[in-house]
file upload11.cif (mmCIF, C-alpha atoms)
data_run
#
loop_
_atom_site.group_PDB
_atom_site.id
_atom_site.type_symbol
_atom_site.label_atom_id
_atom_site.label_comp_id
_atom_site.auth_asym_id
_atom_site.auth_seq_id
_atom_site.Cartn_x
_atom_site.Cartn_y
_atom_site.Cartn_z
ATOM 1 C CA MET Q 1 -254.918 -147.087 -133.003
ATOM 2 C CA ASN Q 2 -255.612 -143.793 -131.275
ATOM 3 C CA ASN Q 3 -254.488 -142.574 -127.871
ATOM 4 C CA ARG Q 4 -257.715 -143.551 -126.083
ATOM 5 C CA THR Q 5 -257.753 -147.183 -127.195
ATOM 6 C CA LEU Q 6 -254.008 -147.491 -126.581
ATOM 7 C CA GLN Q 7 -254.454 -146.339 -122.966
ATOM 8 C CA VAL Q 8 -257.340 -148.723 -122.370
ATOM 9 C CA HIS Q 9 -255.470 -151.672 -123.915
ATOM 10 C CA LEU Q 10 -252.341 -150.907 -121.905
ATOM 11 C CA GLY Q 11 -254.466 -150.604 -118.759
ATOM 12 C CA ILE Q 12 -256.141 -153.945 -119.334
ATOM 13 C CA GLY Q 13 -252.756 -155.542 -119.998
ATOM 14 C CA ALA Q 14 -251.272 -154.045 -116.828
ATOM 15 C CA CYS Q 15 -254.229 -155.262 -114.749
ATOM 16 C CA LEU Q 16 -253.909 -158.756 -116.175
ATOM 17 C CA VAL Q 17 -250.166 -158.842 -115.509
ATOM 18 C CA GLY Q 18 -250.705 -157.614 -111.942
ATOM 19 C CA LEU Q 19 -253.403 -160.234 -111.315
ATOM 20 C CA PHE Q 20 -251.253 -162.995 -112.807
ATOM 21 C CA LEU Q 21 -248.336 -162.060 -110.589
ATOM 22 C CA ILE Q 22 -250.428 -161.772 -107.426
ATOM 23 C CA LEU Q 23 -252.478 -164.931 -107.959
ATOM 24 C CA TYR Q 24 -249.960 -167.261 -109.602
ATOM 25 C CA GLY Q 25 -246.476 -165.921 -110.317
ATOM 26 C CA ILE Q 26 -245.325 -164.700 -106.914
ATOM 27 C CA PRO Q 27 -246.795 -167.533 -104.795
ATOM 28 C CA ASN Q 28 -245.318 -170.192 -107.100
ATOM 29 C CA TRP Q 29 -241.995 -168.658 -108.118
ATOM 30 C CA VAL Q 30 -240.817 -166.594 -105.125
ATOM 31 C CA SER Q 31 -239.771 -168.514 -102.046
ATOM 32 C CA SER Q 32 -239.572 -166.900 -98.648
ATOM 33 C CA PRO Q 33 -238.540 -168.111 -95.204
ATOM 34 C CA SER Q 34 -241.222 -167.926 -92.544
ATOM 35 C CA ASN Q 35 -239.047 -166.264 -89.901
ATOM 36 C CA VAL Q 36 -238.219 -162.915 -91.550
ATOM 37 C CA PRO Q 37 -238.035 -160.302 -88.742
ATOM 38 C CA LYS Q 38 -239.180 -157.297 -90.824
ATOM 39 C CA ILE Q 39 -241.892 -157.505 -93.478
ATOM 40 C CA ILE Q 40 -239.944 -155.112 -95.692
ATOM 41 C CA LEU Q 41 -237.025 -157.547 -95.780
ATOM 42 C CA SER Q 42 -239.232 -160.435 -96.899
ATOM 43 C CA PRO Q 43 -238.582 -161.586 -100.465
ATOM 44 C CA LEU Q 44 -242.349 -161.456 -101.027
ATOM 45 C CA PHE Q 45 -242.897 -157.824 -100.024
ATOM 46 C CA TRP Q 46 -241.480 -155.990 -103.034
ATOM 47 C CA PRO Q 47 -242.851 -158.336 -105.723
ATOM 48 C CA TYR Q 48 -246.341 -157.987 -104.231
ATOM 49 C CA THR Q 49 -245.884 -154.217 -103.969
ATOM 50 C CA ILE Q 50 -244.805 -153.910 -107.604
ATOM 51 C CA ALA Q 51 -247.598 -156.222 -108.791
ATOM 52 C CA GLY Q 52 -250.176 -154.221 -106.837
ATOM 53 C CA LEU Q 53 -248.873 -150.918 -108.191
ATOM 54 C CA THR Q 54 -248.937 -152.364 -111.705
ATOM 55 C CA GLY Q 55 -252.614 -153.199 -111.243
ATOM 56 C CA LEU Q 56 -253.350 -149.713 -109.857
ATOM 57 C CA VAL Q 57 -251.591 -148.045 -112.774
ATOM 58 C CA GLY Q 58 -253.596 -150.272 -115.123
ATOM 59 C CA LEU Q 59 -256.843 -149.231 -113.469
ATOM 60 C CA GLY Q 60 -255.800 -145.594 -113.760
ATOM 61 C CA LEU Q 61 -255.055 -146.031 -117.457
ATOM 62 C CA ILE Q 62 -258.452 -147.625 -118.012
ATOM 63 C CA VAL Q 63 -260.321 -144.888 -116.114
ATOM 64 C CA PHE Q 64 -258.480 -141.987 -117.734
ATOM 65 C CA GLY Q 65 -258.460 -143.689 -121.128
ATOM 66 C CA ARG Q 66 -262.247 -143.954 -121.126
ATOM 67 C CA GLY Q 67 -262.564 -140.296 -120.202
ATOM 68 C CA ALA Q 68 -260.061 -139.077 -122.814
ATOM 69 C CA ASP Q 69 -261.116 -137.429 -126.044
ATOM 70 C CA ASP Q 70 -261.605 -139.833 -128.911
ATOM 71 C CA ASP Q 71 -259.181 -138.346 -131.392
ATOM 72 C CA ASP Q 72 -258.130 -139.966 -134.605
ATOM 73 C CA ILE Q 73 -254.508 -138.906 -134.327
ATOM 74 C CA PRO Q 74 -252.341 -142.016 -134.718
ATOM 75 C CA VAL Q 75 -250.094 -142.804 -131.767
ATOM 76 C CA ASN Q 76 -247.135 -144.102 -133.740
ATOM 77 C CA ASP Q 77 -246.280 -141.358 -136.214
ATOM 78 C CA PRO Q 78 -243.519 -142.278 -138.639
ATOM 79 C CA ILE Q 79 -240.058 -140.939 -137.849
ATOM 80 C CA GLU Q 80 -238.661 -138.545 -140.441
ATOM 81 C CA ASP Q 81 -235.089 -139.801 -140.108
ATOM 82 C CA PRO Q 82 -234.981 -143.562 -139.401
ATOM 83 C CA GLY Q 83 -231.225 -143.386 -138.715
ATOM 84 C CA THR Q 84 -231.779 -141.598 -135.382
ATOM 85 C CA GLY Q 85 -233.147 -144.783 -133.830
ATOM 86 C CA VAL Q 86 -229.908 -146.641 -134.496
ATOM 87 C CA VAL Q 87 -227.885 -143.728 -133.104
ATOM 88 C CA ARG Q 88 -230.006 -143.632 -129.930
ATOM 89 C CA LEU Q 89 -229.684 -147.392 -129.519
ATOM 90 C CA ALA Q 90 -225.909 -147.144 -129.836
ATOM 91 C CA ALA Q 91 -225.869 -144.226 -127.375
ATOM 92 C CA MET Q 92 -227.922 -146.302 -124.933
ATOM 93 C CA ALA Q 93 -225.426 -149.167 -125.211
ATOM 94 C CA VAL Q 94 -222.553 -146.752 -124.544
ATOM 95 C CA LEU Q 95 -224.461 -145.281 -121.589
ATOM 96 C CA MET Q 96 -224.898 -148.756 -120.102
ATOM 97 C CA MET Q 97 -221.216 -149.582 -120.534
ATOM 98 C CA VAL Q 98 -220.138 -146.283 -118.963
ATOM 99 C CA THR Q 99 -222.549 -146.831 -116.053
ATOM 100 C CA PHE Q 100 -221.148 -150.290 -115.308
ATOM 101 C CA TRP Q 101 -217.599 -148.969 -115.672
ATOM 102 C CA ALA Q 102 -218.362 -146.109 -113.241
ATOM 103 C CA MET Q 103 -220.121 -148.148 -110.538
ATOM 104 C CA PRO Q 104 -217.022 -149.600 -108.864
ATOM 105 C CA ARG Q 105 -215.295 -146.224 -109.027
ATOM 106 C CA ILE Q 106 -217.981 -143.774 -107.841
ATOM 107 C CA GLY Q 107 -220.594 -146.132 -106.399
ATOM 108 C CA MET Q 108 -224.043 -147.289 -107.387
ATOM 109 C CA VAL Q 109 -225.860 -144.175 -106.178
ATOM 110 C CA TRP Q 110 -223.763 -141.622 -108.071
ATOM 111 C CA ALA Q 111 -223.576 -143.789 -111.209
ATOM 112 C CA SER Q 112 -227.359 -144.199 -111.140
ATOM 113 C CA MET Q 113 -227.813 -140.436 -110.880
ATOM 114 C CA GLY Q 114 -225.642 -139.841 -113.916
ATOM 115 C CA ALA Q 115 -227.237 -142.642 -115.919
ATOM 116 C CA PHE Q 116 -230.765 -141.423 -115.120
ATOM 117 C CA ALA Q 117 -229.928 -137.844 -116.136
ATOM 118 C CA ALA Q 118 -228.114 -138.944 -119.305
ATOM 119 C CA LEU Q 119 -230.997 -141.212 -120.311
ATOM 120 C CA ALA Q 120 -233.515 -138.417 -119.753
ATOM 121 C CA PHE Q 121 -231.627 -136.195 -122.179
ATOM 122 C CA LEU Q 122 -230.989 -139.049 -124.594
ATOM 123 C CA VAL Q 123 -234.721 -139.613 -125.022
ATOM 124 C CA ARG Q 124 -235.319 -135.834 -125.118
ATOM 125 C CA THR Q 125 -237.716 -135.562 -122.215
ATOM 126 C CA ARG Q 126 -240.259 -132.769 -122.231
ATOM 127 C CA HIS Q 127 -239.676 -132.217 -118.518
ATOM 128 C CA PRO Q 128 -235.928 -131.746 -117.955
ATOM 129 C CA LYS Q 129 -236.257 -130.096 -114.525
ATOM 130 C CA ILE Q 130 -238.384 -132.942 -113.179
ATOM 131 C CA ALA Q 131 -236.027 -135.495 -114.746
ATOM 132 C CA LEU Q 132 -232.973 -133.929 -113.105
ATOM 133 C CA THR Q 133 -234.760 -133.679 -109.770
ATOM 134 C CA CYS Q 134 -235.729 -137.348 -109.960
ATOM 135 C CA ALA Q 135 -232.214 -138.282 -111.125
ATOM 136 C CA VAL Q 136 -230.850 -136.885 -107.878
ATOM 137 C CA LEU Q 137 -233.629 -137.667 -105.395
ATOM 138 C CA VAL Q 138 -234.655 -141.219 -106.353
ATOM 139 C CA PRO Q 139 -231.183 -142.801 -105.920
ATOM 140 C CA LEU Q 140 -230.592 -140.837 -102.689
ATOM 141 C CA VAL Q 141 -233.944 -141.834 -101.183
ATOM 142 C CA LEU Q 142 -233.440 -145.466 -102.192
ATOM 143 C CA TYR Q 143 -229.944 -145.410 -100.705
ATOM 144 C CA ALA Q 144 -231.218 -143.876 -97.462
ATOM 145 C CA PHE Q 145 -233.959 -146.483 -97.185
ATOM 146 C CA PHE Q 146 -231.888 -149.550 -97.993
ATOM 147 C CA ALA Q 147 -228.736 -148.502 -96.141
ATOM 148 C CA HIS Q 148 -230.296 -146.990 -93.020
ATOM 149 C CA VAL Q 149 -233.744 -148.583 -92.647
ATOM 150 C CA ALA Q 150 -233.380 -152.037 -94.184
ATOM 151 C CA SER Q 151 -229.675 -152.361 -93.285
ATOM 152 C CA VAL Q 152 -228.740 -153.587 -96.762
ATOM 153 C CA ALA Q 153 -225.275 -152.706 -98.022
ATOM 154 C CA ILE Q 154 -225.313 -150.572 -101.154
ATOM 155 C CA PRO Q 155 -222.104 -150.724 -103.239
ATOM 156 C CA GLN Q 156 -219.938 -147.667 -102.555
ATOM 157 C CA GLY Q 157 -217.245 -146.396 -104.850
ATOM 158 C CA ASN Q 158 -213.508 -146.346 -104.417
ATOM 159 C CA TYR Q 159 -213.368 -142.555 -104.647
ATOM 160 C CA VAL Q 160 -216.730 -141.365 -103.267
ATOM 161 C CA ARG Q 161 -218.552 -142.738 -100.223
ATOM 162 C CA LEU Q 162 -221.947 -141.876 -98.762
ATOM 163 C CA PRO Q 163 -222.652 -141.927 -95.006
#

call {"tool": "encode", "arguments": {"input": "upload11.cif", "output": "structure tokens"}}
result
Amino acid sequence: MNNRTLQVHLGIGACLVGLFLILYGIPNWVSSPSNVPKIILSPLFWPYTIAGLTGLVGLGLIVFGRGADDDDIPVNDPIEDPGTGVVRLAAMAVLMMVTFWAMPRIGMVWASMGAFAALAFLVRTRHPKIALTCAVLVPLVLYAFFAHVASVAIPQGNYVRLP
């Protein structure tokens, strides 16, 4: 399977998943009270948002996959050293354990920053500057939204606290 067909197949799958969630999954499996004061606090808002974004990403994959060059380079090249997969899997398990150990001590936001950055370097990202920027900004923006806009308590650490 080449890159073009993989993108189109992934796009079709993402569109189907998004449609399934919007038409059947969310209405039947997510319950919501009718008197929620803010739409953002409704239990239906974020599932519908994620399902809609999944469908949009799928459409983007289909559009850009059809316009991509039809190369015959296989997508899944064999790995030279099969032992590196086991090492990365073990490192990921250690990263998860360290993250859950650190959360009560330094808080969810700081632990998420460290876990995001460590995972980016574990998978050897091609864009380390963007990964580090996202590792810092995404948890901070999510904290600011949930703590100050939605008034949802985010777990703080014993040693470090955010305003």

call {"tool": "closest_residue", "arguments": {"input": "upload11.cif", "among": "Q:Ala51, Q:Val160, Q:Leu41, Q:Ala135", "to": "Q:Met113", "atoms": "all atoms listed in the file"}}
result
Q:Ala135

call {"tool": "closest_residue", "arguments": {"input": "upload11.cif", "among": "Q:Val86, Q:Cys15, Q:Ala111, Q:Ile26", "to": "Q:Leu56", "atoms": "only C-alpha atoms"}}
result
Q:Cys15

call {"tool": "residues_near_point", "arguments": {"input": "upload11.cif", "point": "(-238.9, -164.3, -98.6)", "cutoff": "10 Å", "atoms": "all atoms listed in the file", "output": "list in words"}}
result
Val30, Ser31, Ser32, Pro33, Ser34, Asn35, Val36, Ile39, Ile40, Leu41, Ser42, Pro43, Leu44, Phe45 and Trp46 of chain Q

call {"tool": "atom_distance", "arguments": {"input": "upload11.cif", "atom1": "atom CA of Q:Pro139", "atom2": "atom CA of Q:Ala93"}}
result
21.1 Å

call {"tool": "closest_residue", "arguments": {"input": "upload11.cif", "among": "Q:Gln7, Q:Asn28, Q:Thr99, Q:Thr84", "to": "Q:Gly60", "atoms": "all atoms listed in the file"}}
result
Q:Gln7

call {"tool": "residues_around", "arguments": {"input": "upload11.cif", "residues": "stretch 106-108 of chain Q", "least_positions_apart": "5", "cutoff": "7 Å", "atoms": "only C-alpha atoms", "output": "CSV table (one decimal) with C-alpha atoms, in the frame of the given file"}}
result
chain,number,residue,atom,x,y,z
Q,155,PRO,CA,-222.1,-150.7,-103.2
Q,156,GLN,CA,-219.9,-147.7,-102.6
Q,157,GLY,CA,-217.2,-146.4,-104.8
Q,158,ASN,CA,-213.5,-146.3,-104.4
Q,159,TYR,CA,-213.4,-142.6,-104.6
Q,160,VAL,CA,-216.7,-141.4,-103.3

call {"tool": "build_atoms", "arguments": {"input": "upload11.cif", "residues": "stretch 130-141 of chain Q", "atoms": "all heavy atoms", "output": "PDB file, in the coordinates of the input"}}
result
ATOM      1  N   ILE Q 130    -237.869-131.813-113.960  1.00  0.00           N
ATOM      2  CA  ILE Q 130    -238.384-132.942-113.179  1.00  0.00           C
ATOM      3  C   ILE Q 130    -237.454-134.142-113.324  1.00  0.00           C
ATOM      4  O   ILE Q 130    -237.184-134.848-112.350  1.00  0.00           O
ATOM      5  CB  ILE Q 130    -239.821-133.295-113.617  1.00  0.00           C
ATOM      6  CG1 ILE Q 130    -240.763-132.136-113.283  1.00  0.00           C
ATOM      7  CG2 ILE Q 130    -240.295-134.580-112.976  1.00  0.00           C
ATOM      8  CD1 ILE Q 130    -242.160-132.295-113.833  1.00  0.00           C
ATOM      9  N   ALA Q 131    -236.932-134.363-114.526  1.00  0.00           N
ATOM     10  CA  ALA Q 131    -236.027-135.495-114.746  1.00  0.00           C
ATOM     11  C   ALA Q 131    -234.750-135.338-113.931  1.00  0.00           C
ATOM     12  O   ALA Q 131    -234.281-136.303-113.312  1.00  0.00           O
ATOM     13  CB  ALA Q 131    -235.697-135.623-116.234  1.00  0.00           C
ATOM     14  N   LEU Q 132    -234.185-134.138-113.895  1.00  0.00           N
ATOM     15  CA  LEU Q 132    -232.973-133.929-113.105  1.00  0.00           C
ATOM     16  C   LEU Q 132    -233.245-134.041-111.609  1.00  0.00           C
ATOM     17  O   LEU Q 132    -232.435-134.591-110.864  1.00  0.00           O
ATOM     18  CB  LEU Q 132    -232.361-132.572-113.434  1.00  0.00           C
ATOM     19  CG  LEU Q 132    -231.633-132.491-114.768  1.00  0.00           C
ATOM     20  CD1 LEU Q 132    -231.111-131.082-115.012  1.00  0.00           C
ATOM     21  CD2 LEU Q 132    -230.494-133.483-114.815  1.00  0.00           C
ATOM     22  N   THR Q 133    -234.396-133.549-111.178  1.00  0.00           N
ATOM     23  CA  THR Q 133    -234.760-133.679-109.770  1.00  0.00           C
ATOM     24  C   THR Q 133    -234.903-135.145-109.388  1.00  0.00           C
ATOM     25  O   THR Q 133    -234.393-135.588-108.354  1.00  0.00           O
ATOM     26  CB  THR Q 133    -236.072-132.920-109.487  1.00  0.00           C
ATOM     27  OG1 THR Q 133    -235.915-131.559-109.878  1.00  0.00           O
ATOM     28  CG2 THR Q 133    -236.444-132.983-108.026  1.00  0.00           C
ATOM     29  N   CYS Q 134    -235.575-135.911-110.227  1.00  0.00           N
ATOM     30  CA  CYS Q 134    -235.729-137.348-109.960  1.00  0.00           C
ATOM     31  C   CYS Q 134    -234.392-138.078-110.058  1.00  0.00           C
ATOM     32  O   CYS Q 134    -234.147-139.025-109.305  1.00  0.00           O
ATOM     33  CB  CYS Q 134    -236.731-137.960-110.926  1.00  0.00           C
ATOM     34  SG  CYS Q 134    -238.420-137.452-110.620  1.00  0.00           S
ATOM     35  N   ALA Q 135    -233.527-137.645-110.980  1.00  0.00           N
ATOM     36  CA  ALA Q 135    -232.214-138.282-111.125  1.00  0.00           C
ATOM     37  C   ALA Q 135    -231.396-138.152-109.851  1.00  0.00           C
ATOM     38  O   ALA Q 135    -230.614-139.036-109.525  1.00  0.00           O
ATOM     39  CB  ALA Q 135    -231.461-137.673-112.301  1.00  0.00           C
ATOM     40  N   VAL Q 136    -231.588-137.078-109.127  1.00  0.00           N
ATOM     41  CA  VAL Q 136    -230.850-136.885-107.878  1.00  0.00           C
ATOM     42  C   VAL Q 136    -231.589-137.516-106.697  1.00  0.00           C
ATOM     43  O   VAL Q 136    -230.996-138.234-105.887  1.00  0.00           O
ATOM     44  CB  VAL Q 136    -230.598-135.383-107.628  1.00  0.00           C
ATOM     45  CG1 VAL Q 136    -230.016-135.152-106.259  1.00  0.00           C
ATOM     46  CG2 VAL Q 136    -229.681-134.822-108.710  1.00  0.00           C
ATOM     47  N   LEU Q 137    -232.887-137.264-106.593  1.00  0.00           N
ATOM     48  CA  LEU Q 137    -233.629-137.667-105.395  1.00  0.00           C
ATOM     49  C   LEU Q 137    -233.916-139.165-105.311  1.00  0.00           C
ATOM     50  O   LEU Q 137    -233.828-139.746-104.232  1.00  0.00           O
ATOM     51  CB  LEU Q 137    -234.936-136.885-105.293  1.00  0.00           C
ATOM     52  CG  LEU Q 137    -234.792-135.410-104.956  1.00  0.00           C
ATOM     53  CD1 LEU Q 137    -236.159-134.741-104.878  1.00  0.00           C
ATOM     54  CD2 LEU Q 137    -234.043-135.225-103.652  1.00  0.00           C
ATOM     55  N   VAL Q 138    -234.277-139.799-106.414  1.00  0.00           N
ATOM     56  CA  VAL Q 138    -234.655-141.219-106.353  1.00  0.00           C
ATOM     57  C   VAL Q 138    -233.485-142.097-105.889  1.00  0.00           C
ATOM     58  O   VAL Q 138    -233.658-142.892-104.951  1.00  0.00           O
ATOM     59  CB  VAL Q 138    -235.237-141.699-107.709  1.00  0.00           C
ATOM     60  CG1 VAL Q 138    -235.379-143.201-107.753  1.00  0.00           C
ATOM     61  CG2 VAL Q 138    -236.587-141.036-107.956  1.00  0.00           C
ATOM     62  N   PRO Q 139    -232.280-141.980-106.456  1.00  0.00           N
ATOM     63  CA  PRO Q 139    -231.183-142.801-105.920  1.00  0.00           C
ATOM     64  C   PRO Q 139    -230.836-142.474-104.470  1.00  0.00           C
ATOM     65  O   PRO Q 139    -230.515-143.375-103.690  1.00  0.00           O
ATOM     66  CB  PRO Q 139    -230.007-142.491-106.854  1.00  0.00           C
ATOM     67  CG  PRO Q 139    -230.633-142.040-108.113  1.00  0.00           C
ATOM     68  CD  PRO Q 139    -231.864-141.312-107.701  1.00  0.00           C
ATOM     69  N   LEU Q 140    -230.904-141.196-104.079  1.00  0.00           N
ATOM     70  CA  LEU Q 140    -230.592-140.837-102.689  1.00  0.00           C
ATOM     71  C   LEU Q 140    -231.615-141.398-101.713  1.00  0.00           C
ATOM     72  O   LEU Q 140    -231.262-141.914-100.653  1.00  0.00           O
ATOM     73  CB  LEU Q 140    -230.490-139.327-102.540  1.00  0.00           C
ATOM     74  CG  LEU Q 140    -229.206-138.694-103.034  1.00  0.00           C
ATOM     75  CD1 LEU Q 140    -229.263-137.179-102.874  1.00  0.00           C
ATOM     76  CD2 LEU Q 140    -228.001-139.256-102.307  1.00  0.00           C
ATOM     77  N   VAL Q 141    -232.899-141.309-102.067  1.00  0.00           N
ATOM     78  CA  VAL Q 141    -233.944-141.834-101.183  1.00  0.00           C
ATOM     79  C   VAL Q 141    -233.840-143.359-101.095  1.00  0.00           C
ATOM     80  O   VAL Q 141    -233.964-143.941-100.008  1.00  0.00           O
ATOM     81  CB  VAL Q 141    -235.342-141.386-101.664  1.00  0.00           C
ATOM     82  CG1 VAL Q 141    -236.451-142.130-100.957  1.00  0.00           C
ATOM     83  CG2 VAL Q 141    -235.501-139.880-101.472  1.00  0.00           C
TER      84      VAL Q 141
END
